[in-house]
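Below is one structure; the comments refer to it alone.
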Amino acid sequence: MDFSWTSDQLAYKNKVIDFAKEQLNDSVAQRDENSVFSLDDWKKCAAFGIQGLSIPKKYGGTFEEVDVLSATLAMEGLGYGCKDNGLPLALNAHMWPVQLPIYQFGSDFQKETFLRDMASGKLIGCHGLTETNSGSDVFNMETTAVKVKNGYLLNGSKRYITLAPVADLALVFAVTNPKVGKWGISGFIVEKNTEGFEIGPNKPKMGMRTVPFGELKFNNCFIPDANRLGAEGAGWSIILSTLEFDRCNILASQLGAMERQLEESIAFVKQRKQFGKSIGDFQSVSNRIADMKLRLESSRLLLYKVAWLKGQGESAMMEAALLKLQLSESFLASSIAAIRNHGGYGYVTENEVERNLRDAVGGVIYAGTSDIQRKTIANLLGL
Ligand SMILES: Cc1cc2nc3c(=O)[nH]c(=O)nc-3n(C[C@H](O)[C@H](O)[C@H](O)COP(=O)(O)OP(=O)(O)OC[C@H]3O[C@@H](n4cnc5c(N)ncnc54)[C@H](O)[C@@H]3O)c2cc1C
């Protein structure tokens, strides 16, 4: 078993870290306070090649072919270097559940029309799955797409959609055949300004405030056949196939954030003195740091295993569920630990310690809640 990275992979990760530290950390606290998305940072990432990591060079991607392991390491570097946790969430929500399925399942027309502009930063994509009555029970969706001449009429709505308020296109899933359950779901690429398609404003939320999220509404919205992604009824397999990539990379950026958080905690407890010595000398504080390190490294092993399996073209249902559960819960637990380590300083917003806690809460909800990950694990164990 070989746990080492190639020198090229490590060099690219370091390049991403340097880029993120130098170019993506301006006024994060203010943008968090005012819920402002930075289109500027989005474009900088595109120019650097981040949005090109999920598609091959032929369609505007960064490398000749998509290399899942290298992309995971790069997204980890981005999460480490960029203090704005919302930006990696936004990038991942655009790259893996929208760009990648268009590449994997799209027609030549769809690839040519959308991918290059999505990689260059010109177009922003969002992924529309969740509905008012269908969250965890995702395949029980109510949005319908009824076949008409040359296309479909879409009716229904989606909510809590990352990037929706700033998106140029949405990959939306709807029921095309209600008689066959999840086999009757199809994917559609819906472009902004399509008649009958309305995008709601940003919904204020607890954390990840620098990435907007909101509603997508469809009212007799005509989608041409050319914008159906894959075959009719292929929606379920498209969703499942991209979910593991999505979990792997969103969580990679969170792993990077956890590493940054641990380093900041260590630096703080070394320099902060109480009772005449560094608070890091008190065992209750150093134990907390040790637990943060354990959460980081155990999450890392699961992350790299999922990335490796996906890189081999293998299914990773169990591993991705274990990873999602472990890493998102670890970031949440370590974010509270980091506030405890910093005392009152950690609780004050301007010191940028407490933001991780608010950002981490979303991680135990999106891409399948922790309960749903446990359910998946138990089901795969035959329960
Ligand atoms: C920051 C953020 C970004 C998001 N981005 C997107 C996006 O880009 N696109 C998108 O489509 N969606 C997105 N979502 C929505 C997200 O995927 C859903 O919120 C999530 O799947 C849960 O659905 P729900 O909110 O309807 O909760 P519900 O499904 O109603 O769950 C409520 C509670 O019941 C529990 N529960 C439900 N069913 C079970 C069960 N069978 N067993 C045990 N417990 C259960 C849940 O774990 C949870 O604790 C985002 C959410 C957040 C917070």
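In the structure tokens, chains take letters A, B, ... by order of appearance, with residues numbered from 1 within each chain and ligands from 1 in the order shown.
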
Item to complete: Give me the residues within 12 Å of Thr162 in chain A as a ChimeraX atom specification, counting only C-alpha atoms and dropping any in the same chain fewer than 5 places off.
Response: /A:37,86-94,97-98,124-130,167,170-171,199-205,208-216,362,366-367

Keeping N, CA and C atoms, export the residues of the selection given above as a compact mmCIF listing (two decimals), in the first residue's frame.
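Contents of the output file out_10.txt:
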# COMPACT_ATOMS: atom_id res chain seq x y z
N PHE A 37 -21.50 37.50 -2.23
CA PHE A 37 -20.76 36.56 -3.07
C PHE A 37 -19.76 37.36 -3.91
N GLY A 86 -17.26 29.52 2.04
CA GLY A 86 -18.37 29.55 1.07
C GLY A 86 -17.89 29.41 -0.36
N LEU A 87 -16.72 29.95 -0.66
CA LEU A 87 -16.24 29.90 -2.05
C LEU A 87 -15.96 28.46 -2.50
N PRO A 88 -15.20 27.65 -1.71
CA PRO A 88 -15.03 26.26 -2.13
C PRO A 88 -16.36 25.50 -2.23
N LEU A 89 -17.32 25.81 -1.32
CA LEU A 89 -18.63 25.15 -1.44
C LEU A 89 -19.26 25.49 -2.78
N ALA A 90 -19.22 26.79 -3.13
CA ALA A 90 -19.81 27.24 -4.39
C ALA A 90 -19.13 26.57 -5.58
N LEU A 91 -17.80 26.54 -5.56
CA LEU A 91 -17.06 25.96 -6.68
C LEU A 91 -17.39 24.48 -6.83
N ASN A 92 -17.40 23.78 -5.70
CA ASN A 92 -17.69 22.35 -5.76
C ASN A 92 -19.11 22.09 -6.25
N ALA A 93 -20.06 22.94 -5.82
CA ALA A 93 -21.47 22.76 -6.23
C ALA A 93 -21.65 22.99 -7.73
N HIS A 94 -20.77 23.74 -8.32
CA HIS A 94 -20.81 24.01 -9.76
C HIS A 94 -20.06 22.92 -10.54
N PRO A 97 -21.55 18.38 -9.36
CA PRO A 97 -22.91 17.92 -9.70
C PRO A 97 -23.49 18.59 -10.95
N VAL A 98 -22.75 19.53 -11.59
CA VAL A 98 -23.30 20.17 -12.80
C VAL A 98 -22.34 19.96 -13.99
N ILE A 124 -22.19 30.28 -14.57
CA ILE A 124 -22.26 29.63 -13.25
C ILE A 124 -23.43 28.64 -13.28
N GLY A 125 -23.17 27.43 -12.80
CA GLY A 125 -24.21 26.40 -12.79
C GLY A 125 -24.64 26.05 -11.38
N CYS A 126 -25.92 25.64 -11.24
CA CYS A 126 -26.39 25.15 -9.94
C CYS A 126 -27.13 23.83 -10.14
N HIS A 127 -27.34 23.13 -9.03
CA HIS A 127 -27.85 21.77 -9.06
C HIS A 127 -29.18 21.71 -8.33
N GLY A 128 -30.26 21.50 -9.06
CA GLY A 128 -31.60 21.59 -8.46
C GLY A 128 -32.23 20.25 -8.20
N LEU A 129 -32.18 19.85 -6.92
CA LEU A 129 -32.72 18.54 -6.53
C LEU A 129 -33.77 18.71 -5.43
N THR A 130 -33.40 19.42 -4.37
CA THR A 130 -34.24 19.50 -3.16
C THR A 130 -35.53 20.30 -3.42
N ALA A 167 -26.90 32.05 -10.66
CA ALA A 167 -26.64 31.02 -11.68
C ALA A 167 -27.12 31.43 -13.07
N ALA A 170 -29.20 25.86 -14.64
CA ALA A 170 -29.46 24.93 -13.54
C ALA A 170 -29.63 23.53 -14.12
N LEU A 171 -28.99 22.56 -13.48
CA LEU A 171 -29.27 21.16 -13.83
C LEU A 171 -30.38 20.72 -12.88
N ILE A 199 -35.95 32.63 -10.76
CA ILE A 199 -34.95 32.36 -9.72
C ILE A 199 -35.20 33.31 -8.55
N GLY A 200 -35.31 32.74 -7.36
CA GLY A 200 -35.60 33.56 -6.18
C GLY A 200 -34.35 34.29 -5.68
N PRO A 201 -34.55 35.25 -4.77
CA PRO A 201 -33.41 35.98 -4.21
C PRO A 201 -32.64 35.11 -3.20
N ASN A 202 -31.50 35.61 -2.76
CA ASN A 202 -30.71 34.88 -1.76
C ASN A 202 -31.51 34.73 -0.48
N LYS A 203 -31.52 33.53 0.08
CA LYS A 203 -32.16 33.28 1.38
C LYS A 203 -31.10 33.43 2.46
N PRO A 204 -31.26 34.38 3.37
CA PRO A 204 -30.26 34.52 4.44
C PRO A 204 -30.14 33.22 5.24
N LYS A 205 -28.89 32.88 5.60
CA LYS A 205 -28.72 31.62 6.34
C LYS A 205 -27.65 31.75 7.41
N MET A 208 -21.96 29.82 5.72
CA MET A 208 -21.70 29.79 4.28
C MET A 208 -22.39 30.98 3.61
N ARG A 209 -22.30 32.14 4.27
CA ARG A 209 -23.09 33.29 3.80
C ARG A 209 -22.52 33.93 2.55
N THR A 210 -21.25 33.62 2.24
CA THR A 210 -20.66 34.24 1.06
C THR A 210 -21.08 33.53 -0.23
N VAL A 211 -21.81 32.41 -0.08
CA VAL A 211 -22.39 31.80 -1.28
C VAL A 211 -23.91 31.91 -1.16
N PRO A 212 -24.55 32.52 -2.16
CA PRO A 212 -25.99 32.67 -2.07
C PRO A 212 -26.70 31.34 -2.32
N PHE A 213 -27.85 31.13 -1.70
CA PHE A 213 -28.70 30.01 -2.12
C PHE A 213 -30.15 30.44 -2.14
N GLY A 214 -30.97 29.72 -2.91
CA GLY A 214 -32.36 30.15 -3.05
C GLY A 214 -33.17 29.18 -3.87
N GLU A 215 -34.30 29.71 -4.36
CA GLU A 215 -35.31 28.87 -5.01
C GLU A 215 -35.25 28.91 -6.53
N LEU A 216 -35.69 27.84 -7.15
CA LEU A 216 -35.90 27.81 -8.61
C LEU A 216 -37.37 27.46 -8.81
N GLY A 362 -23.83 23.58 8.04
CA GLY A 362 -24.42 23.21 6.73
C GLY A 362 -23.90 21.86 6.24
N TYR A 366 -26.24 19.35 3.94
CA TYR A 366 -26.28 19.21 2.47
C TYR A 366 -25.60 17.93 2.00
N ALA A 367 -25.94 17.55 0.77
CA ALA A 367 -25.45 16.30 0.14
C ALA A 367 -25.79 15.09 1.00

Quick one: everything within 9 Å of Asp168 in chain A, counting only C-alpha atoms, minus sequence neighbours fewer than 3 positions away in the same chain. Send it as a short mmCIF file (atom, residue, chain, number, x, y, z; two decimals) with N, CA and C atoms, in the first residue's frame.
data_model
loop_
_atom_site.label_atom_id
_atom_site.label_comp_id
_atom_site.auth_asym_id
_atom_site.auth_seq_id
_atom_site.Cartn_x
_atom_site.Cartn_y
_atom_site.Cartn_z
N LYS A 122 -17.33 32.20 -17.13
CA LYS A 122 -18.38 33.03 -17.75
C LYS A 122 -19.77 32.57 -17.29
N LEU A 123 -19.95 31.26 -17.18
CA LEU A 123 -21.26 30.73 -16.77
C LEU A 123 -21.15 30.06 -15.39
N ILE A 124 -22.19 30.28 -14.57
CA ILE A 124 -22.26 29.63 -13.25
C ILE A 124 -23.43 28.64 -13.28
N GLY A 125 -23.17 27.43 -12.80
CA GLY A 125 -24.21 26.40 -12.79
C GLY A 125 -24.64 26.05 -11.38
N CYS A 126 -25.92 25.64 -11.24
CA CYS A 126 -26.39 25.15 -9.94
C CYS A 126 -27.13 23.83 -10.14
N ALA A 164 -28.02 29.44 -6.71
CA ALA A 164 -29.19 29.73 -7.56
C ALA A 164 -29.31 31.23 -7.92
N PRO A 165 -29.21 32.15 -6.93
CA PRO A 165 -29.45 33.55 -7.28
C PRO A 165 -28.46 34.14 -8.29
N VAL A 190 -31.54 23.89 -17.58
CA VAL A 190 -32.46 25.02 -17.73
C VAL A 190 -31.64 26.31 -17.70
N GLU A 191 -31.76 27.08 -18.75
CA GLU A 191 -30.97 28.32 -18.85
C GLU A 191 -31.73 29.51 -18.29
N LYS A 192 -30.96 30.40 -17.65
CA LYS A 192 -31.53 31.65 -17.13
C LYS A 192 -32.29 32.36 -18.26
N ASN A 193 -33.30 33.10 -17.91
CA ASN A 193 -34.11 33.85 -18.88
C ASN A 193 -35.01 32.98 -19.75
#

Fill in: Nearby residues (only C-alpha atoms) at most 7 Å from range 73-81 of chain A, same-chain spacing under 2 positions excluded, as an MDAnalysis selection string
chainID A and resid 12:14 16:18 20:21 69:71 83 85 88 249 252:257 259:260

Item to complete: Please identify all polymer residues within 6 Å of Pro56 in chain A, counting only C-alpha atoms, omitting same-chain residues fewer than 3 positions from it, and present them as number ranges by chain.
Response: A: 59, 61, 63-66

With C-alpha atoms retained, could you export that selection as a CSV table (one decimal), in the first residue's frame?
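Saved file selection28.csv follows:
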chain,number,residue,atom,x,y,z
A,59,TYR,CA,-13.8,21.0,-23.2
A,61,GLY,CA,-10.5,21.7,-18.6
A,63,PHE,CA,-5.6,18.9,-17.5
A,64,GLU,CA,-5.7,16.5,-20.4
A,65,GLU,CA,-8.1,14.2,-18.4
A,66,VAL,CA,-10.0,14.5,-15.1

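Using only C-alpha atoms and all ligand atoms, the nearest neighbour of ligand 1 within the list A:Leu24, A:Ala174, A:Ala226, A:Leu262 is A:Ala174.
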
Discussion item. Using only C-alpha atoms for the distances, tell me which of A:Gly207, A:Pro224, A:Gly156, A:Gly181 is nearest to Ser35 in chain A.
Written reply: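 Selected residue with least distance to Ser35 in chain A: A:Gly207.
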